[in-house]
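Visitor: Sharing final-v4.tsv below, TSV, C-alpha atoms and all ligand atoms:
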chain	number	residue	atom	x	y	z
A	8	MET	CA	49.67	51.54	-65.82
A	9	LYS	CA	50.57	55.16	-65.02
A	10	SER	CA	49.50	55.74	-61.46
A	11	VAL	CA	49.74	58.46	-58.85
A	12	GLN	CA	51.73	57.44	-55.79
A	13	VAL	CA	51.08	58.36	-52.16
A	14	ASN	CA	54.56	58.25	-50.62
A	15	LEU	CA	54.50	57.20	-46.99
A	16	GLY	CA	57.48	54.86	-46.68
A	17	SER	CA	56.37	51.28	-46.10
A	18	ARG	CA	52.73	52.41	-46.21
A	19	SER	CA	53.02	53.94	-49.71
A	20	TYR	CA	50.31	53.06	-52.19
A	21	PRO	CA	49.22	53.70	-55.77
A	22	ILE	CA	46.13	55.53	-56.99
A	23	HIS	CA	45.08	54.15	-60.37
A	24	VAL	CA	42.86	56.43	-62.45
A	25	LYS	CA	41.57	55.11	-65.76
A	26	SER	CA	38.26	54.89	-67.59
A	27	GLY	CA	37.10	51.27	-67.68
A	28	LEU	CA	39.37	50.32	-64.78
A	29	LEU	CA	36.65	48.59	-62.74
A	30	LYS	CA	36.50	45.78	-65.28
A	31	GLN	CA	40.25	45.21	-64.81
A	32	THR	CA	40.08	44.93	-61.02
A	33	ALA	CA	40.79	41.19	-60.99
A	34	SER	CA	43.96	41.54	-63.01
A	35	ILE	CA	45.12	44.59	-61.03
A	36	LEU	CA	44.63	42.78	-57.71
A	37	SER	CA	45.73	39.30	-58.83
A	38	ASP	CA	49.23	39.76	-57.30
A	39	GLN	CA	47.55	40.37	-53.95
A	40	ASN	CA	45.35	37.28	-54.07
A	41	HIS	CA	46.90	34.59	-51.90
A	42	GLY	CA	43.72	32.59	-51.35
A	43	GLN	CA	42.43	34.85	-48.59
A	44	LYS	CA	38.82	35.92	-48.24
A	45	TRP	CA	37.92	39.21	-49.95
A	46	VAL	CA	34.88	41.21	-48.93
A	47	ILE	CA	33.25	44.04	-50.86
A	48	ILE	CA	31.68	46.55	-48.46
A	49	SER	CA	29.15	48.66	-50.33
A	50	GLN	CA	25.48	49.69	-50.54
A	51	TYR	CA	22.84	47.53	-52.21
A	52	ASN	CA	22.15	50.03	-55.04
A	53	LEU	CA	25.87	50.12	-55.82
A	54	MET	CA	26.09	46.31	-55.70
A	55	GLU	CA	23.34	46.24	-58.35
A	56	LEU	CA	25.05	48.89	-60.45
A	57	PHE	CA	28.60	47.49	-60.33
A	58	GLY	CA	29.29	45.36	-57.24
A	59	PHE	CA	27.71	42.07	-58.30
A	60	ASP	CA	29.54	42.18	-61.64
A	61	LEU	CA	32.77	42.94	-59.82
A	62	MET	CA	32.24	40.06	-57.38
A	63	THR	CA	31.43	37.63	-60.21
A	64	GLU	CA	34.52	38.70	-62.12
A	65	LEU	CA	36.72	38.29	-59.05
A	66	ASN	CA	35.29	34.87	-58.20
A	67	GLU	CA	35.69	33.70	-61.81
A	68	SER	CA	39.33	34.81	-61.62
A	69	GLY	CA	40.12	32.65	-58.60
A	70	PHE	CA	39.27	35.07	-55.78
A	71	ASN	CA	37.12	34.03	-52.82
A	72	CYS	CA	34.92	37.13	-52.62
A	73	ASP	CA	31.77	37.91	-50.60
A	74	TYR	CA	29.95	41.17	-49.87
A	75	ILE	CA	28.36	43.17	-47.06
A	76	THR	CA	26.09	46.19	-47.49
A	77	LEU	CA	25.53	49.33	-45.47
A	78	PRO	CA	22.27	51.30	-45.53
A	79	LEU	CA	22.22	54.52	-47.56
A	80	GLY	CA	22.99	57.85	-45.99
A	81	GLU	CA	25.21	59.54	-43.46
A	82	ALA	CA	23.31	57.76	-40.64
A	83	SER	CA	25.12	54.52	-41.46
A	84	LYS	CA	28.43	56.08	-40.38
A	85	CYS	CA	27.65	54.99	-36.82
A	86	LEU	CA	28.84	52.63	-34.10
A	87	ASN	CA	25.87	50.32	-34.68
A	88	GLU	CA	26.63	49.74	-38.34
A	89	PHE	CA	30.34	49.50	-37.59
A	90	GLY	CA	29.58	46.71	-35.09
A	91	ARG	CA	27.15	45.00	-37.43
A	92	VAL	CA	29.69	44.90	-40.29
A	93	ILE	CA	32.36	43.46	-37.97
A	94	SER	CA	29.96	40.75	-36.72
A	95	GLN	CA	28.93	39.91	-40.28
A	96	MET	CA	32.58	39.62	-41.27
A	97	VAL	CA	33.15	37.07	-38.51
A	98	GLU	CA	30.01	35.18	-39.59
A	99	ILE	CA	31.14	34.87	-43.21
A	100	GLY	CA	34.56	33.63	-42.14
A	101	CYS	CA	36.79	36.69	-42.43
A	102	ASP	CA	40.13	36.55	-40.62
A	103	ARG	CA	43.29	38.64	-40.33
A	104	LYS	CA	44.27	37.86	-43.93
A	105	THR	CA	40.97	39.16	-45.30
A	106	THR	CA	41.09	42.10	-47.68
A	107	ILE	CA	38.27	44.66	-47.87
A	108	LEU	CA	37.21	46.40	-51.06
A	109	ALA	CA	35.35	49.61	-50.14
A	110	LEU	CA	33.03	50.24	-53.09
A	111	GLY	CA	31.09	53.47	-52.65
A	112	GLY	CA	31.13	57.15	-51.80
A	113	GLY	CA	32.60	58.76	-48.72
A	114	VAL	CA	30.17	57.05	-46.36
A	115	VAL	CA	31.16	53.54	-47.45
A	116	GLY	CA	34.83	54.53	-47.62
A	117	ASP	CA	34.92	56.04	-44.14
A	118	VAL	CA	33.14	53.12	-42.44
A	119	SER	CA	35.02	50.42	-44.39
A	120	GLY	CA	38.37	52.04	-43.72
A	121	PHE	CA	37.62	52.22	-40.01
A	122	VAL	CA	36.50	48.58	-40.01
A	123	ALA	CA	39.77	47.68	-41.78
A	124	SER	CA	41.77	49.64	-39.20
A	125	SER	CA	40.31	47.72	-36.30
A	126	PHE	CA	39.16	44.27	-37.47
A	127	MET	CA	41.61	41.82	-35.88
A	128	ARG	CA	43.86	44.82	-35.13
A	129	GLY	CA	44.00	45.90	-38.77
A	130	ILE	CA	43.59	44.27	-42.17
A	131	ASP	CA	44.27	45.39	-45.74
A	132	TYR	CA	41.76	47.39	-47.72
A	133	TYR	CA	41.38	49.07	-51.09
A	134	GLN	CA	39.27	52.08	-51.89
A	135	ILE	CA	37.10	51.92	-55.02
A	136	PRO	CA	35.36	55.31	-54.85
A	137	THR	CA	32.11	55.82	-56.78
A	138	THR	CA	31.32	59.52	-56.20
A	139	LEU	CA	33.43	62.40	-57.49
A	140	LEU	CA	33.89	63.61	-53.91
A	141	ALA	CA	35.25	60.22	-52.88
A	142	MET	CA	37.47	59.96	-55.98
A	143	VAL	CA	39.23	63.26	-55.42
A	144	ASP	CA	39.06	63.48	-51.66
A	145	SER	CA	37.79	60.92	-49.16
A	146	ALA	CA	39.33	57.79	-50.72
A	147	ILE	CA	42.82	59.28	-50.48
A	148	GLY	CA	44.76	60.07	-47.36
A	149	GLY	CA	43.63	57.41	-44.92
A	150	LYS	CA	41.16	59.41	-42.81
A	151	THR	CA	38.52	56.92	-41.72
A	152	GLY	CA	35.79	57.15	-39.14
A	153	ILE	CA	32.23	57.28	-37.95
A	154	ASN	CA	29.92	59.78	-36.28
A	155	ILE	CA	28.57	59.72	-32.74
A	156	ALA	CA	25.68	61.71	-31.29
A	157	GLU	CA	28.13	64.36	-30.05
A	158	GLY	CA	29.50	65.07	-33.52
A	159	LYS	CA	30.70	64.04	-36.95
A	160	ASN	CA	33.86	61.94	-37.42
A	161	LEU	CA	34.61	61.95	-33.69
A	162	VAL	CA	35.68	58.30	-33.73
A	163	GLY	CA	38.17	57.11	-36.30
A	164	ALA	CA	41.70	56.37	-37.34
A	165	ILE	CA	44.25	57.41	-39.89
A	166	TYR	CA	44.71	54.11	-41.70
A	167	GLN	CA	45.97	54.05	-45.26
A	168	PRO	CA	44.52	51.76	-47.93
A	169	LYS	CA	46.76	49.42	-49.98
A	170	GLY	CA	45.59	51.14	-53.12
A	171	VAL	CA	42.87	53.29	-54.68
A	172	LEU	CA	41.15	52.22	-57.90
A	173	ILE	CA	39.31	55.01	-59.72
A	174	ASP	CA	37.15	54.42	-62.78
A	175	PRO	CA	35.62	57.74	-63.92
A	176	VAL	CA	33.04	55.83	-66.04
A	177	ILE	CA	31.34	54.97	-62.75
A	178	LEU	CA	30.26	58.62	-62.48
A	179	GLU	CA	27.80	58.14	-65.35
A	180	SER	CA	25.18	56.73	-62.98
A	181	LEU	CA	25.67	59.47	-60.36
A	182	SER	CA	23.23	62.39	-60.46
A	183	LYS	CA	24.46	65.51	-62.22
A	184	GLU	CA	23.95	67.51	-59.00
A	185	GLU	CA	26.28	65.19	-57.06
A	186	VAL	CA	28.91	65.41	-59.80
A	187	MET	CA	28.71	69.20	-59.99
A	188	ALA	CA	29.01	69.46	-56.20
A	189	GLY	CA	32.13	67.26	-56.32
A	190	LEU	CA	33.65	69.74	-58.75
A	191	GLY	CA	33.75	72.22	-55.85
A	192	GLU	CA	36.55	70.10	-54.36
A	193	VAL	CA	38.31	69.91	-57.75
A	194	ILE	CA	38.31	73.73	-57.98
A	195	LYS	CA	39.76	73.75	-54.46
A	196	TYR	CA	42.86	71.84	-55.60
A	197	GLY	CA	43.55	74.36	-58.35
A	198	ALA	CA	43.02	77.28	-55.96
A	199	ILE	CA	45.34	75.98	-53.24
A	200	TRP	CA	48.08	74.38	-55.31
A	201	ASP	CA	48.13	75.00	-59.05
A	202	LYS	CA	46.94	78.19	-60.76
A	203	ALA	CA	47.26	76.69	-64.26
A	204	PHE	CA	44.99	73.82	-63.20
A	205	LEU	CA	42.43	76.31	-61.86
A	206	ILE	CA	42.42	78.16	-65.17
A	207	ASP	CA	42.04	74.85	-67.04
A	208	ILE	CA	39.06	73.92	-64.85
A	209	SER	CA	37.50	77.30	-65.52
A	210	THR	CA	37.79	76.71	-69.29
A	211	TRP	CA	36.58	73.11	-69.03
A	212	LEU	CA	33.50	74.25	-67.11
A	213	GLU	CA	32.38	76.32	-70.11
A	214	ASP	CA	31.21	73.04	-71.63
A	215	ILE	CA	30.41	70.52	-68.92
A	216	ASP	CA	29.46	67.82	-71.45
A	217	SER	CA	33.06	67.55	-72.58
A	218	PHE	CA	34.63	68.04	-69.14
A	219	PRO	CA	37.74	65.81	-69.02
A	220	PHE	CA	36.92	64.02	-65.77
A	221	GLU	CA	39.76	61.52	-66.01
A	222	ASP	CA	42.42	64.25	-66.30
A	223	ALA	CA	40.81	66.44	-63.64
A	224	ILE	CA	40.51	63.53	-61.20
A	225	ARG	CA	44.09	62.38	-61.80
A	226	LYS	CA	45.43	65.90	-61.25
A	227	SER	CA	43.33	66.37	-58.07
A	228	CYS	CA	44.56	63.02	-56.72
A	229	LYS	CA	48.13	64.01	-57.51
A	230	ILE	CA	47.77	67.20	-55.48
A	231	LYS	CA	46.11	65.46	-52.52
A	232	ALA	CA	48.74	62.68	-52.66
A	233	GLU	CA	51.54	65.24	-52.60
A	234	VAL	CA	50.06	67.05	-49.60
A	235	VAL	CA	49.35	63.83	-47.67
A	236	SER	CA	52.80	62.42	-48.48
A	237	LYS	CA	54.37	65.48	-46.85
A	238	ASP	CA	51.95	65.74	-43.94
A	239	GLU	CA	49.92	62.63	-43.12
A	240	ARG	CA	48.47	63.73	-39.78
A	241	GLU	CA	47.26	67.27	-40.47
A	242	GLY	CA	50.02	69.58	-39.36
A	243	ASP	CA	50.22	72.92	-41.14
A	244	LEU	CA	50.38	71.64	-44.70
A	245	ARG	CA	47.45	69.17	-44.73
A	246	ARG	CA	45.36	71.93	-43.21
A	247	ILE	CA	45.35	73.79	-46.55
A	248	LEU	CA	43.03	71.06	-47.87
A	249	ASN	CA	40.42	72.73	-45.67
A	250	PHE	CA	40.31	75.81	-47.92
A	251	GLY	CA	36.66	76.88	-48.09
A	252	HIS	CA	35.73	74.39	-45.37
A	253	THR	CA	35.55	76.63	-42.28
A	254	ILE	CA	32.59	78.57	-43.63
A	255	GLY	CA	31.51	75.56	-45.74
A	256	HIS	CA	31.11	73.32	-42.68
A	257	ALA	CA	29.38	76.13	-40.79
A	258	LEU	CA	26.86	76.50	-43.64
A	259	GLU	CA	26.21	72.75	-43.64
A	260	SER	CA	25.57	72.75	-39.88
A	261	HIS	CA	23.57	75.98	-39.83
A	262	LEU	CA	21.31	75.04	-42.75
A	263	GLY	CA	21.03	71.45	-41.54
A	264	TYR	CA	22.62	68.39	-43.12
A	265	GLY	CA	20.97	67.39	-46.37
A	266	LYS	CA	19.95	71.00	-47.16
A	267	ILE	CA	23.16	71.77	-49.04
A	268	ARG	CA	25.69	69.41	-50.62
A	269	HIS	CA	29.17	69.38	-49.10
A	270	GLY	CA	30.85	70.44	-52.37
A	271	GLU	CA	28.38	73.31	-52.78
A	272	ALA	CA	29.03	74.53	-49.24
A	273	VAL	CA	32.78	74.36	-49.89
A	274	ALA	CA	32.36	76.32	-53.14
A	275	LEU	CA	30.55	79.09	-51.23
A	276	GLY	CA	33.10	78.91	-48.42
A	277	MET	CA	35.89	79.41	-50.98
A	278	LYS	CA	34.20	82.59	-52.22
A	279	CYS	CA	34.23	83.96	-48.66
A	280	ALA	CA	37.83	82.87	-48.07
A	281	GLY	CA	38.80	84.47	-51.40
A	282	PHE	CA	37.10	87.72	-50.34
A	283	ILE	CA	39.04	87.70	-47.05
A	284	SER	CA	42.32	86.92	-48.85
A	285	GLN	CA	41.77	89.92	-51.12
A	286	LYS	CA	40.90	92.22	-48.18
A	287	LEU	CA	44.17	91.22	-46.53
A	288	ASN	CA	46.02	92.05	-49.78
A	289	LEU	CA	47.10	88.48	-50.27
A	290	LEU	CA	45.07	88.10	-53.44
A	291	SER	CA	44.76	90.70	-56.21
A	292	LYS	CA	41.34	91.80	-57.48
A	293	GLU	CA	42.03	90.03	-60.81
A	294	GLU	CA	42.92	86.78	-59.05
A	295	LEU	CA	39.80	86.97	-56.90
A	296	SER	CA	37.72	87.49	-59.99
A	297	THR	CA	39.31	84.42	-61.69
A	298	LEU	CA	38.50	82.34	-58.61
A	299	ASN	CA	34.91	83.62	-58.42
A	300	GLN	CA	34.28	83.20	-62.13
A	301	THR	CA	35.36	79.57	-61.89
A	302	ILE	CA	33.20	78.89	-58.83
A	303	ASN	CA	30.22	80.69	-60.39
A	304	ARG	CA	30.27	78.23	-63.29
A	305	LEU	CA	28.94	75.63	-60.84
A	306	PRO	CA	25.18	75.62	-60.29
A	307	LEU	CA	25.27	76.96	-56.74
A	308	PRO	CA	22.16	76.82	-54.56
A	309	GLN	CA	20.23	79.99	-53.77
A	310	LEU	CA	20.64	80.41	-50.02
A	311	PRO	CA	18.15	81.99	-47.65
A	312	HIS	CA	19.53	85.15	-46.05
A	313	ILE	CA	22.34	84.10	-43.72
A	314	ASN	CA	22.51	85.99	-40.45
A	315	GLY	CA	26.21	86.23	-39.60
A	316	ASN	CA	25.46	86.16	-35.89
A	317	HIS	CA	23.77	82.80	-36.33
A	318	LEU	CA	26.56	81.36	-38.47
A	319	MET	CA	29.44	82.60	-36.28
A	320	PRO	CA	29.04	80.04	-33.47
A	321	PHE	CA	29.38	77.22	-36.03
A	322	ILE	CA	32.48	78.85	-37.46
A	323	LYS	CA	34.02	79.14	-34.01
A	324	THR	CA	33.33	75.51	-33.11
A	325	ASP	CA	34.75	74.23	-36.40
A	326	LYS	CA	37.42	71.69	-35.60
A	327	LYS	CA	39.98	73.83	-37.33
A	328	SER	CA	39.81	76.07	-34.30
A	329	GLU	CA	42.42	74.92	-31.81
A	330	LYS	CA	42.69	76.34	-28.27
A	331	GLY	CA	40.23	79.07	-29.26
A	332	VAL	CA	42.42	80.24	-32.15
A	333	LEU	CA	40.78	79.88	-35.51
A	334	ASN	CA	43.04	78.60	-38.29
A	335	PHE	CA	41.66	80.05	-41.47
A	336	VAL	CA	42.99	78.92	-44.84
A	337	LEU	CA	43.63	81.82	-47.21
A	338	LEU	CA	45.15	82.24	-50.65
A	339	ASP	CA	48.47	84.06	-50.89
A	340	GLY	CA	48.10	84.28	-54.64
A	341	LEU	CA	46.18	81.76	-56.73
A	342	GLY	CA	47.67	78.29	-56.39
A	343	ASN	CA	49.26	79.05	-53.03
A	344	ALA	CA	47.33	78.48	-49.81
A	345	ILE	CA	48.42	79.49	-46.33
A	346	SER	CA	46.96	78.89	-42.90
A	347	SER	CA	46.34	82.11	-40.98
A	348	THR	CA	45.35	82.90	-37.41
A	349	ASP	CA	44.89	86.60	-38.24
A	350	VAL	CA	41.34	86.56	-39.57
A	351	THR	CA	39.05	88.64	-37.38
A	352	GLU	CA	35.41	87.93	-36.68
A	353	GLU	CA	34.50	91.26	-38.32
A	354	LEU	CA	36.20	90.25	-41.56
A	355	ILE	CA	34.48	86.86	-41.56
A	356	GLN	CA	31.12	88.56	-41.02
A	357	GLU	CA	31.86	91.00	-43.84
A	358	SER	CA	32.79	88.15	-46.19
A	359	LEU	CA	29.38	86.52	-45.72
A	360	LYS	CA	27.83	89.17	-47.97
A	361	VAL	CA	29.24	87.28	-50.98
A	362	LEU	CA	26.87	84.41	-50.17
A	363	ASN	CA	23.68	86.18	-51.27
A	401	LIG	N1	37.76	60.51	-45.12
A	401	LIG	C1	37.88	61.70	-45.66
A	401	LIG	O1	38.98	62.22	-45.83
A	401	LIG	C2	36.64	62.43	-46.10
A	401	LIG	C3	36.75	63.59	-46.87
A	401	LIG	C4	35.57	64.20	-47.30
A	401	LIG	C5	34.34	63.67	-46.96
A	401	LIG	N2	34.26	62.54	-46.21
A	401	LIG	C6	32.97	61.94	-45.85
A	401	LIG	O2	32.33	61.51	-47.05
A	401	LIG	C7	30.94	61.43	-46.81
A	401	LIG	C8	30.21	61.95	-48.01
A	401	LIG	O3	30.55	61.18	-49.14
A	401	LIG	P1	29.75	61.25	-50.52
A	401	LIG	O4	29.49	62.66	-50.88
A	401	LIG	O5	30.52	60.41	-51.47
A	401	LIG	O6	28.31	60.65	-50.16
A	401	LIG	P2	27.74	59.16	-50.04
A	401	LIG	O7	28.79	58.18	-49.75
A	401	LIG	O8	26.59	59.22	-49.10
A	401	LIG	O9	27.17	58.88	-51.49
A	401	LIG	C9	26.08	59.62	-51.99
A	401	LIG	C10	24.97	58.74	-52.54
A	401	LIG	O10	25.25	58.43	-53.88
A	401	LIG	C11	25.08	57.04	-54.12
A	401	LIG	N3	26.11	56.71	-55.11
A	401	LIG	C12	27.43	56.65	-54.90
A	401	LIG	N4	28.07	56.42	-56.05
A	401	LIG	C13	27.12	56.30	-57.00
A	401	LIG	C14	27.17	56.08	-58.40
A	401	LIG	N5	28.34	55.97	-59.05
A	401	LIG	N6	26.02	56.00	-59.07
A	401	LIG	C15	24.83	56.17	-58.44
A	401	LIG	N7	24.72	56.41	-57.12
A	401	LIG	C16	25.86	56.49	-56.41
A	401	LIG	C17	25.33	56.40	-52.79
A	401	LIG	O11	24.70	55.14	-52.75
A	401	LIG	C18	24.75	57.41	-51.84
A	401	LIG	O12	23.38	57.21	-51.69
A	401	LIG	C19	30.67	62.19	-45.52
A	401	LIG	O13	30.36	61.28	-44.51
A	401	LIG	C20	32.00	62.88	-45.23
A	401	LIG	O14	32.23	63.04	-43.83
A	401	LIG	C21	35.39	61.91	-45.77
A	402	ZN	ZN	35.59	68.63	-48.43
Show how you would write the structure in this file as structure tokens.

Guide:
Amino acid sequence: MKSVQVNLGSRSYPIHVKSGLLKQTASILSDQNHGQKWVIISQYNLMELFGFDLMTELNESGFNCDYITLPLGEASKCLNEFGRVISQMVEIGCDRKTTILALGGGVVGDVSGFVASSFMRGIDYYQIPTTLLAMVDSAIGGKTGINIAEGKNLVGAIYQPKGVLIDPVILESLSKEEVMAGLGEVIKYGAIWDKAFLIDISTWLEDIDSFPFEDAIRKSCKIKAEVVSKDEREGDLRRILNFGHTIGHALESHLGYGKIRHGEAVALGMKCAGFISQKLNLLSKEELSTLNQTINRLPLPQLPHINGNHLMPFIKTDKKSEKGVLNFVLLDGLGNAISSTDVTEELIQESLKVLN
């Protein structure tokens, strides 16, 4: 099977993207089955949609597979649930040979990956992402973690999976809003890395019913894999994946989690970052208009008026700000992102006018 490779020496792994792939999981993983215990970590709704069938298929193919569920929602990315999953794994007889299958969106992927990184000092795991956001972003690159009261993703590890299995057919049961929000991240890949891809996405978005998800996901994974292969631990290069995220994260925090989807906030953040890039003469007016036209094809939420003075503190505390210097990702031409420390507060404030 043609797969995308994340190249990290002995920790390299394949990303398989193919419609109908979930049904082939047993044959894809059969080489890795040495009689150990396998455990699917998921959510109960996802077990009903695909997990129980997957478990049955694995067990009928000679695997010894069990499952553990997490509650729905961001709240389950917490120390309590992390501890509960670990205890349950011990109860059902998991050991250091156990392999985890993380079946879910970013929440399941982040918790499961962190469990894998620490259970008996680290065990193997595979990501089987079920949301578009997880397929093109969170399942790749090995960032795992949980939230604590003091902030999101403050506890975690960079711990790479053994493989990522992506079946775009799974998206059929996801709400249209979630899928459209995930496309914000897909547009990001075109904007930061590949102008031709951005233009393709723009054309594809003219008719969402025939959007080629498999191709778009594979291409997005390829771009993320290339970036992560060159820069696993977020030096300058991996930072470009945060295009649109400085203002995007600030909008999520300011409006309150749950009020805006992550992908929507990123889409709006990209419009601001595009505006700033054009003001700094890095992006031509035509390029900015191509970027905006593409983003505007997504059904973006109507925001209440955003007071820049209220948003600014969130922008300044974004984790991309190191030692008080804000690293802002800009476009130096479409398909070419750079990280800049030259963006002034005034320019950020001015860019916010594109939000309303
Ligand atoms: N590790 C990383 O690099 C990284 C990157 C980006 C985001 N994240 C994290 O990802 C999380 C958000 O992930 P998300 O947007 O995937 O949300 P999510 O995991 O909460 O999933 C959204 C909801 O959709 C349901 N669902 C998932 N797949 C479905 C399907 N195919 N059909 C029907 N329902 C389905 C889930 O049960 C859940 O209720 C955040 O916690 C964020 O911090 C991590
Ligand atoms: Zn994101």

Visitor: Could you tell me, counting all atoms listed in the file, which protein and nucleic acid residues lie no more than 8 Å from ligand ZN 402 (chain A), written as a ChimeraX atom specification?

Guide: /A:140,144,192,248-249,252,269-270,273

Visitor: Determine the axis-aligned bounding box of all atoms of stretch 245-253 of chain A present in the file, pad each side by 8 Å, and express its centre and edge lengths in Å to one decimal place as AutoDock Vina command-line options.

Guide:
--center_x 41.5 --center_y 73.0 --center_z -45.2 --size_x 27.9 --size_y 23.7 --size_z 21.8

Visitor: Compare A:Val176, A:Leu338, A:Ala188, A:Ile215 by their minimum atom-to-atom distance to A:Ile267, counting all atoms listed in the file, and give me the closest one.

Guide: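 For A:Ile267, the nearest of the candidates is A:Ala188.
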
Visitor: Please provide the set of residues having any atom within 8 Å of A:Asp102, restricted to all atoms listed in the file, with same-chain residues fewer than 5 positions apart removed, written as a PyMOL selection string.

Guide: chain A and resi 44+97+127

Visitor: Quote the spacing between atom CA of A:Asn334 and atom CA of A:Leu244 in Å to one decimal place.

Guide: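 Going from atom CA of A:Asn334 over to atom CA of A:Leu244, I get 12.0 Å.
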
Visitor: Report as a ChimeraX atom specification all protein, DNA and RNA residues lying within 12 Å of A:Asp201, evaluated on all atoms listed in the file, omitting residues in the same chain fewer than 6 positions from it.

Guide: /A:193-195,207-208,226-227,229-231,338,340-344

Visitor: Give me, as a PyMOL selection string, the set of residues whose atoms come within 7 Å of any atom of ligand LIG 401 (chain A), counting only C-alpha atoms and all ligand atoms.

Guide: chain A and resi 50+52-53+79-81+84+111-115+117+137-141+144-151+160+177-182+269

Visitor: Those selected residues, please, written with C-alpha atoms and delivered as a short mmCIF file (atom, residue, chain, number, x, y, z; two decimals), keeping the file's coordinate frame.

Guide:
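And here is the file that came out, again.cif:
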data_model
loop_
_atom_site.label_atom_id
_atom_site.label_comp_id
_atom_site.auth_asym_id
_atom_site.auth_seq_id
_atom_site.Cartn_x
_atom_site.Cartn_y
_atom_site.Cartn_z
CA GLN A 50 25.48 49.69 -50.54
CA ASN A 52 22.15 50.03 -55.04
CA LEU A 53 25.87 50.12 -55.82
CA LEU A 79 22.22 54.52 -47.56
CA GLY A 80 22.99 57.85 -45.99
CA GLU A 81 25.21 59.54 -43.46
CA LYS A 84 28.43 56.08 -40.38
CA GLY A 111 31.09 53.47 -52.65
CA GLY A 112 31.13 57.15 -51.80
CA GLY A 113 32.60 58.76 -48.72
CA VAL A 114 30.17 57.05 -46.36
CA VAL A 115 31.16 53.54 -47.45
CA ASP A 117 34.92 56.04 -44.14
CA THR A 137 32.11 55.82 -56.78
CA THR A 138 31.32 59.52 -56.20
CA LEU A 139 33.43 62.40 -57.49
CA LEU A 140 33.89 63.61 -53.91
CA ALA A 141 35.25 60.22 -52.88
CA ASP A 144 39.06 63.48 -51.66
CA SER A 145 37.79 60.92 -49.16
CA ALA A 146 39.33 57.79 -50.72
CA ILE A 147 42.82 59.28 -50.48
CA GLY A 148 44.76 60.07 -47.36
CA GLY A 149 43.63 57.41 -44.92
CA LYS A 150 41.16 59.41 -42.81
CA THR A 151 38.52 56.92 -41.72
CA ASN A 160 33.86 61.94 -37.42
CA ILE A 177 31.34 54.97 -62.75
CA LEU A 178 30.26 58.62 -62.48
CA GLU A 179 27.80 58.14 -65.35
CA SER A 180 25.18 56.73 -62.98
CA LEU A 181 25.67 59.47 -60.36
CA SER A 182 23.23 62.39 -60.46
CA HIS A 269 29.17 69.38 -49.10
#

Visitor: Quick one: residues within 12 Å of stretch 353-357 of chain A, all atoms listed in the file counted, chain neighbours fewer than 4 positions away excluded, as a tab-separated table (two decimals) with C-alpha atoms, in the coordinates of the input?

Guide:
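Full text of part-v2.tsv as output:
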chain	number	residue	atom	x	y	z
A	253	THR	CA	35.55	76.63	-42.28
A	254	ILE	CA	32.59	78.57	-43.63
A	257	ALA	CA	29.38	76.13	-40.79
A	276	GLY	CA	33.10	78.91	-48.42
A	278	LYS	CA	34.20	82.59	-52.22
A	279	CYS	CA	34.23	83.96	-48.66
A	280	ALA	CA	37.83	82.87	-48.07
A	281	GLY	CA	38.80	84.47	-51.40
A	282	PHE	CA	37.10	87.72	-50.34
A	283	ILE	CA	39.04	87.70	-47.05
A	284	SER	CA	42.32	86.92	-48.85
A	285	GLN	CA	41.77	89.92	-51.12
A	286	LYS	CA	40.90	92.22	-48.18
A	287	LEU	CA	44.17	91.22	-46.53
A	313	ILE	CA	22.34	84.10	-43.72
A	314	ASN	CA	22.51	85.99	-40.45
A	315	GLY	CA	26.21	86.23	-39.60
A	316	ASN	CA	25.46	86.16	-35.89
A	317	HIS	CA	23.77	82.80	-36.33
A	318	LEU	CA	26.56	81.36	-38.47
A	319	MET	CA	29.44	82.60	-36.28
A	320	PRO	CA	29.04	80.04	-33.47
A	322	ILE	CA	32.48	78.85	-37.46
A	323	LYS	CA	34.02	79.14	-34.01
A	333	LEU	CA	40.78	79.88	-35.51
A	335	PHE	CA	41.66	80.05	-41.47
A	337	LEU	CA	43.63	81.82	-47.21
A	349	ASP	CA	44.89	86.60	-38.24
A	361	VAL	CA	29.24	87.28	-50.98
A	362	LEU	CA	26.87	84.41	-50.17

Visitor: Atom CA of A:Val122 and atom CA of A:Glu98 are how many Å apart?

Guide: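 Value for the atom CA of A:Val122-atom CA of A:Glu98 distance: 14.9 Å.
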
Visitor: Can you pull out every residue within 12 Å of A:Arg91, counting all atoms listed in the file, but drop anything in the same chain fewer than 5 positions away, and send it as an MDAnalysis selection string?

Guide: chainID A and resid 75:78 83:86 96:98 118:119 122

Visitor: Rounded to one decimal in Å, what is the spacing between atom CA of A:Gly116 and atom CA of A:Gln134?

Guide: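 For atom CA of A:Gly116 relative to atom CA of A:Gln134, the distance reads 6.6 Å.
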
Visitor: Quick one: residues within 12 Å of A:Ser34, all atoms listed in the file counted, chain neighbours fewer than 2 positions away excluded, as a ChimeraX atom specification?

Guide: /A:8,28-32,36-40,61,64-70

Visitor: Restricting the output to C-alpha atoms, write the selected residues as a CSV table (one decimal), in the frame of the given file.

Guide:
chain,number,residue,atom,x,y,z
A,8,MET,CA,49.7,51.5,-65.8
A,28,LEU,CA,39.4,50.3,-64.8
A,29,LEU,CA,36.6,48.6,-62.7
A,30,LYS,CA,36.5,45.8,-65.3
A,31,GLN,CA,40.2,45.2,-64.8
A,32,THR,CA,40.1,44.9,-61.0
A,36,LEU,CA,44.6,42.8,-57.7
A,37,SER,CA,45.7,39.3,-58.8
A,38,ASP,CA,49.2,39.8,-57.3
A,39,GLN,CA,47.6,40.4,-54.0
A,40,ASN,CA,45.4,37.3,-54.1
A,61,LEU,CA,32.8,42.9,-59.8
A,64,GLU,CA,34.5,38.7,-62.1
A,65,LEU,CA,36.7,38.3,-59.0
A,66,ASN,CA,35.3,34.9,-58.2
A,67,GLU,CA,35.7,33.7,-61.8
A,68,SER,CA,39.3,34.8,-61.6
A,69,GLY,CA,40.1,32.6,-58.6
A,70,PHE,CA,39.3,35.1,-55.8
